[in-house]
Amino acid sequence: MQKIFFEIQIDAASEKVWDVLWSDITYRQWTTAFMEGSFYMGSFEEGNIIKFFDPNNNGMYSRVEKNIANKEMKFLHLGEIYNGVENEQNWGEATEAYILEEIPTGTLLKIEINTPEEFKDFFEEKFPTALGIVKNLSENQL
């Protein structure tokens, strides 16, 4: 497993950043950095399984490990989805956490990822672009 970290300062309240991250419309916008047409199905309640899809309905499914509104969202990635079929993976503690910290100028958004080596380069390439979109949406949307 590889641990990787990202952070970005956003000149907006944590409630606004949270809304951009997890509202359906803005989620679809910032995740274009990973795959155009990305979306999710499910709800973000702790313990729930949520499914993340590309436009071809392939993707992954995860359990919501933590959801503290406007502060932290953490997922445990469980498996992949191909042609609508869930395929459990032995990823161990593959997690992805979004931590929002209030700072004087707005919000510090921190991402902590524990990932298998095979996904590390992808995250390192794509996450900075995704966070730039989150920042732009958070600071510029009404």
# chains A, B, ... in the order shown; residues from 1 in each chain; ligands from 1

call {"tool": "select_by_dssp", "arguments": {"residues": "region 49-137 of chain A", "states": "helix (DSSP H, G or I)", "output": "list in words"}}
result
Glu117, Glu118, Phe119, Lys120, Asp121, Phe122, Phe123, Glu124, Glu125, Lys126, Phe127, Pro128, Thr129, Ala130, Leu131, Gly132, Ile133, Val134, Lys135, Asn136 and Leu137 of chain A

call {"tool": "closest_residue", "arguments": {"among": "A:Thr105, A:Phe52, A:Ile113, A:Asp19", "to": "Met35 (chain A)", "atoms": "only C-alpha atoms"}}
result
A:Phe52

call {"tool": "atom_distance", "arguments": {"atom1": "CA of Asn90 (chain A)", "atom2": "CA of Phe39 (chain A)"}}
result
23.7 Å

call {"tool": "atom_distance", "arguments": {"atom1": "CA of Gly59 (chain A)", "atom2": "CA of Gln89 (chain A)"}}
result
12.4 Å

call {"tool": "closest_residue", "arguments": {"among": "A:Val64, A:Gly106, A:His77, A:Arg28", "to": "Gly92 (chain A)", "atoms": "only C-alpha atoms"}}
result
A:His77
